[in-house]
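Everything below concerns the one structure shown next.
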Amino acid sequence: MDYEITLLTTMSISILFALALNFVTGLCGQISLGHAAFLGTGAYTSAMMTKASYPFLLTLPFAALTSGILGFFIGLCSLRVRHDFLAITTMGVGFLFVGVVRQQDFLGGEVGISGIPSPGFSRFWFLVFCLFLASLFAFFSLRIKKSWMGKVFESISDDEDVTRSLGINVSHYKIFAFVIGTSVAGVAGALYAHHLRFIGPDSFGFVESVSVLAMVIIGGVGSVWAVSITAAFLSVLPMVFQFVDDYKLLFYSALLFFMMRFSPEGLKGLVEKIKKNRKSKLDKENKNEQKAS
Amino acid sequence: MSKKLLEIENITVRFGGVIAVNKVNFSLEKGELVGFIGPNGAGKTTLMKTITGMVEPQEGKILLNGELLNGKPIHERINLGLSLAQQIVSPLNSFNCIDNVVLACGKNKTKNLFKSLFINETAEEEKKAKELLEIVGLGEVLNEYPETLPLGYLKRLEVARALALDPLLLLLDEPLAGLNQKEASSLGDLIVKLNEKGQTILLIEHNLKEVIRICKKIYVQDNGRSLAYGDALDVMKNEDVKRAYLGTNKNA
Ligand SMILES: Nc1ncnc2c1ncn2[C@@H]1O[C@H](COP(=O)(O)OP(=O)(O)O)[C@@H](O)[C@H]1O
Ligand SMILES: [Mg+2]
């Protein structure tokens, strides 16, 4: 039973993390190739706090805040650089995070932080809590997609300049997407730290960023359900199959490469292509339904 | 104060060595419909983009209703009452026709980020978008995606979307290009009708015949410079204008 609970908790945390990236990349069309840095910021913030005897639940808002502040600045960057350059910039932020954390003795340096206290509830209730947060954010994402904000996000991921010419303050929306998508990643990080009770710089490296991006892209960019299912599935693969764990970067990169093989226009093209395929399929289904009825 | 809606003072736009717009002065009053003509490369599109903020001029001032537009971002200018149907059509390809227009109709709901988060309701905008698309003759393709439609349709979609923003000043950059004769004259009639209802319009158009038919007033630009501005028939008699247009016949 313990093993299943561990698996399910890992799944829930991965779903939350993948949905956080999906908010930025899937809904608003902004690539982040360094999202593990925000997971890490939240994880370190929360772990340092519980180690200093603050209650776990109190650390969550702070984890969200520190990651969100970092995300706000990346959001500002996204106003200057777009598409492929944004991918490179965010990737740089990911490397920078690991590089900086490694050098900080108070963060445990290379070794990381071990002996993170228990969150204060049993493993089962911790699982329930993680599931609750993942569902809550899934619900929020679905809610956003239905609102006018969802339309604006879709418009921005389609064409920013056109969106501006419709009187929409694109900058506000992009920064908002980054702040939400990164602070939620921070919360996922806090859960992660108290699930494993150990974190180190390598827990939040490029491999993690690539694997979460793989979850979002393979799931079908923007789709809350598909991304959740893919995240749940991909997150436990390394736990079930040792070879996936051994060759994580290779495995996820290969998955990503396989996806990109069908999109020569790079990441943005991939985003659009997947969106379009889904749309036209939906339309066909709708038409068929209309014919049938 | 003047009742001028748009004032352009001494605007110059350079692209590297090319002077696309050269010390242009121009103004427009509320309720006018002005035809804007000039040979290819005269800087017409550039001037339009300078008004909406897509291009920043190196010199000069632009005022809408007496308010200085220079330095303001595009979305603010749109919200002050401008809209532009571009020469190169720019539909949102992941939205179908009606949703393209719905998004523009929802200007007041998307203006504020936090408001947009709490509103789902689209019925009102859908009704208005449908009406606008029917007016421009796209009632049959409401649910089609832009990529499946020919240029003539996309041109009219562009116009419908610009209308959806309820502008004080409607800027149209060659909306009739790519339309067949019948579509062009019916859109031309629509432009006249909108103007009769009080819509102020600045219309760039290549087809001289159609411009003279539609517009009482014409502004001409050539090589980035203002050439003439005034009553359509007077302008067409202007020697400079004739030379600019019949330039190739100069030696004949
Ligand atoms: N973005 C740009 N970069 C460089 N040159 C440009 C750009 N836009 C327009 N031009 C140049 O400015 C001049 C005016 O172009 P344009 O305004 O499109 O003319 P028109 O619309 O009257 O045909 C042309 O010589 C064109 O090549
Ligand atoms: Mg032009």
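Labeling convention for the structure tokens: chains A, B, ... as they appear, residues from 1 per chain, ligands from 1 in order of appearance.
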Practice item. May I have the residues within 7 Å of ligand 2, computed using only C-alpha atoms and all ligand atoms, as number ranges by chain? Key: B: 40-41, 43-45, 87, 173
Deliver the residues from the most recent selection as a file, using N, CA, C and O atoms, as a compact mmCIF listing (two decimals), in the first residue's frame.
```txt
# COMPACT_ATOMS: atom_id res chain seq x y z
N ASN B 40 2.16 52.75 -55.78
CA ASN B 40 2.80 51.76 -54.90
C ASN B 40 4.05 52.34 -54.26
O ASN B 40 4.84 52.99 -54.93
N GLY B 41 4.23 52.09 -52.98
CA GLY B 41 5.44 52.57 -52.31
C GLY B 41 5.36 54.03 -51.92
O GLY B 41 6.36 54.64 -51.53
N GLY B 43 3.97 55.23 -49.39
CA GLY B 43 4.01 55.39 -47.94
C GLY B 43 2.62 55.44 -47.31
O GLY B 43 2.46 55.88 -46.18
N LYS B 44 1.63 54.95 -48.03
CA LYS B 44 0.25 54.98 -47.50
C LYS B 44 0.11 54.04 -46.31
O LYS B 44 -0.35 54.44 -45.25
N THR B 45 0.52 52.79 -46.53
CA THR B 45 0.42 51.81 -45.44
C THR B 45 1.24 52.26 -44.23
O THR B 45 0.79 52.16 -43.10
N GLN B 87 -3.76 45.96 -44.90
CA GLN B 87 -3.63 45.57 -46.31
C GLN B 87 -3.27 44.09 -46.40
O GLN B 87 -3.87 43.33 -47.15
N ASP B 173 -7.12 49.78 -45.15
CA ASP B 173 -5.98 49.75 -46.06
C ASP B 173 -6.26 48.78 -47.20
O ASP B 173 -6.13 47.57 -47.03
```
Which residues of chain B come within 12 Å of ligand 1, and what is each one's closest atom pair and distance in Å (one decimal), counting only C-alpha atoms and all ligand atoms, sorted by chain and residue number, as a tab-separated table?
```
residue	atom	partner	partner_atom_place_in_ligand_line	distance
B:Thr12	CA	ligand 1	12 (O)	11.3
B:Val13	CA	ligand 1	12 (O)	8.5
B:Arg14	CA	ligand 1	12 (O)	7.7
B:Phe15	CA	ligand 1	4 (C)	4.8
B:Gly16	CA	ligand 1	4 (C)	7.1
B:Gly17	CA	ligand 1	5 (N)	8.8
B:Val18	CA	ligand 1	25 (O)	6.3
B:Ile19	CA	ligand 1	12 (O)	6.7
B:Ala20	CA	ligand 1	12 (O)	4.1
B:Val21	CA	ligand 1	14 (C)	7.2
B:Asn22	CA	ligand 1	14 (C)	10.4
B:Phe36	CA	ligand 1	22 (O)	9.4
B:Ile37	CA	ligand 1	22 (O)	7.9
B:Gly38	CA	ligand 1	22 (O)	6.2
B:Pro39	CA	ligand 1	22 (O)	6.3
B:Asn40	CA	ligand 1	23 (O)	3.8
B:Gly41	CA	ligand 1	19 (O)	3.4
B:Ala42	CA	ligand 1	22 (O)	3.7
B:Gly43	CA	ligand 1	17 (O)	3.2
B:Lys44	CA	ligand 1	22 (O)	3.7
B:Thr45	CA	ligand 1	21 (O)	3.6
B:Thr46	CA	ligand 1	17 (O)	3.7
B:Leu47	CA	ligand 1	17 (O)	6.5
B:Met48	CA	ligand 1	17 (O)	8.1
B:Lys49	CA	ligand 1	17 (O)	8.4
B:Thr50	CA	ligand 1	17 (O)	9.8
B:Met54	CA	ligand 1	1 (N)	9.8
B:Val55	CA	ligand 1	1 (N)	8.1
B:Glu56	CA	ligand 1	1 (N)	10.9
B:Pro57	CA	ligand 1	8 (N)	12.0
B:Gln86	CA	ligand 1	21 (O)	10.2
B:Gln87	CA	ligand 1	21 (O)	8.1
B:Ile88	CA	ligand 1	18 (O)	10.1
B:Leu172	CA	ligand 1	21 (O)	11.5
B:Asp173	CA	ligand 1	21 (O)	8.0
B:Glu174	CA	ligand 1	21 (O)	8.8
B:Leu203	CA	ligand 1	21 (O)	11.8
B:Ile204	CA	ligand 1	21 (O)	8.4
B:Glu205	CA	ligand 1	21 (O)	9.7
B:His206	CA	ligand 1	23 (O)	9.3
B:Val220	CA	ligand 1	22 (O)	10.1
B:Gln221	CA	ligand 1	22 (O)	7.9
B:Asp222	CA	ligand 1	22 (O)	7.9
B:Asn223	CA	ligand 1	14 (C)	7.6
B:Gly224	CA	ligand 1	14 (C)	7.0
B:Arg225	CA	ligand 1	22 (O)	10.6
B:Ser226	CA	ligand 1	22 (O)	11.7
```
What are the closest atom pairs, with distances in Å to one decimal, for all residues of chain A lying within 7 Å of chain B? Consider only C-alpha atoms, order rows by chain and residue number, and present the result as CSV.
```
residue,atom,partner,partner_atom,distance
A:Ile144,CA,B:Leu117,CA,6.4
A:Lys146,CA,B:Asn120,CA,6.1
A:Ser147,CA,B:Asn120,CA,4.3
A:Trp148,CA,B:Ser116,CA,4.9
A:Met149,CA,B:Ser116,CA,4.9
A:Ser155,CA,B:Leu92,CA,6.8
A:Asp158,CA,B:Leu92,CA,6.3
A:Asp159,CA,B:Leu92,CA,6.7
A:Val162,CA,B:Ser90,CA,6.8
A:Arg164,CA,B:His75,CA,5.1
A:Ser165,CA,B:His75,CA,5.9
A:Leu166,CA,B:Ala104,CA,5.6
A:Gly167,CA,B:His75,CA,4.0
A:Ile168,CA,B:His75,CA,5.4
A:Asn169,CA,B:His75,CA,5.9
A:Tyr173,CA,B:Leu113,CA,6.6
A:Lys276,CA,B:Ser94,CA,6.5
```
**Study point:** helix (DSSP H, G or I) per DSSP on the backbone: members of range 177-247 of chain B, as an MDAnalysis selection string
**Key:** chainID B and resid 181:196 208:214 232:237 239:245 247
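Proximity of A:Phe258, A:Val216, A:Pro201, A:Phe206 to Thr41 in chain A, computed with only C-alpha atoms, is greatest for A:Pro201.
A straight line drawn from CA of Lys248 in chain A to CA of Ser235 in chain A is 10.8 Å long.
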Practice item. Record the distance separating CA of Asp234 in chain B and CA of Leu5 in chain B, expressed in Å with one decimal. Key: 23.5 Å
Exercise for review: Measure the distance from CA of Gln181 in chain B to CA of Leu194 in chain B in Å and round it to one decimal.
Suggested key: 19.9 Å
Point to revise | Contacts of Gly42 in chain A at 8 Å (only C-alpha atoms; same-chain gap of 6+ positions) as a list in words | key: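 Contacts, with the query itself left out: Phe62, Ala63, Ala64, Thr66, Ser67, Ser183, Ala185, Gly186, Val187, Ala188, Gly189 and Ala190 of chain A.
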Check your understanding: Any idea what's packed within 12 Å of Leu237 in chain A, counting only C-alpha atoms, ignoring anything in its chain fewer than 6 positions away? Could you give it as an MDAnalysis selection string?
Key -> chainID A and resid 7 10:11 14 211 215 230:231 243:248 251:252
Exercise: Ala214 in chain A partners within 12 Å, only C-alpha atoms, chain neighbours under 3 positions left out, as a short mmCIF file (atom, residue, chain, number, x, y, z; two decimals) with C-alpha atoms, in the first residue's frame:
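Printed below is around-v8.cif as written:
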```cif
data_model
loop_
_atom_site.label_atom_id
_atom_site.label_comp_id
_atom_site.auth_asym_id
_atom_site.auth_seq_id
_atom_site.Cartn_x
_atom_site.Cartn_y
_atom_site.Cartn_z
CA SER A 14 3.80 15.93 -11.45
CA ALA A 18 2.84 20.00 -15.63
CA LEU A 21 3.83 24.84 -17.22
CA ASN A 22 0.73 24.21 -19.32
CA THR A 25 3.07 27.27 -22.60
CA GLY A 26 -0.22 25.58 -23.38
CA ILE A 31 7.72 28.50 -24.07
CA SER A 32 9.52 27.82 -20.81
CA LEU A 33 12.46 25.46 -21.04
CA HIS A 35 10.49 25.44 -15.51
CA VAL A 207 16.35 16.98 -17.28
CA GLU A 208 13.38 17.95 -15.14
CA SER A 209 12.61 20.94 -17.34
CA VAL A 210 12.71 18.79 -20.46
CA SER A 211 10.58 16.07 -18.94
CA ILE A 217 3.75 18.79 -25.46
CA ILE A 218 3.03 15.09 -25.70
CA GLY A 219 -0.17 15.59 -23.77
CA GLY A 220 -1.32 18.04 -26.38
CA VAL A 221 -0.50 21.63 -25.67
CA VAL A 227 -1.65 17.00 -20.02
CA THR A 230 0.37 12.29 -19.74
CA ALA A 231 2.00 13.77 -16.65
CA PHE A 233 1.83 8.38 -16.86
CA LEU A 234 5.27 9.78 -17.65
CA SER A 235 6.04 10.67 -14.03
CA LYS A 248 15.90 10.02 -18.40
CA LEU A 249 17.27 12.81 -20.56
CA LEU A 250 17.68 10.46 -23.50
CA PHE A 251 14.19 9.10 -23.05
CA TYR A 252 12.38 12.42 -22.75
CA SER A 253 14.49 14.08 -25.41
CA ALA A 254 13.73 11.20 -27.74
CA LEU A 255 10.03 11.64 -27.04
CA LEU A 256 10.32 15.36 -27.69
CA PHE A 257 12.42 14.75 -30.79
CA PHE A 258 9.81 12.37 -32.08
CA MET A 259 7.19 15.08 -31.64
CA MET A 260 9.35 17.72 -33.27
CA LEU A 267 8.61 24.76 -30.84
#
```
Practice item. Determine the nearest neighbour of Glu29 in chain B from the options B:Ile191, B:Ile201, B:Leu176, B:Ile98, counting only C-alpha atoms. Key: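 Ranked by minimum distance to Glu29 in chain B, first place goes to B:Ile201.
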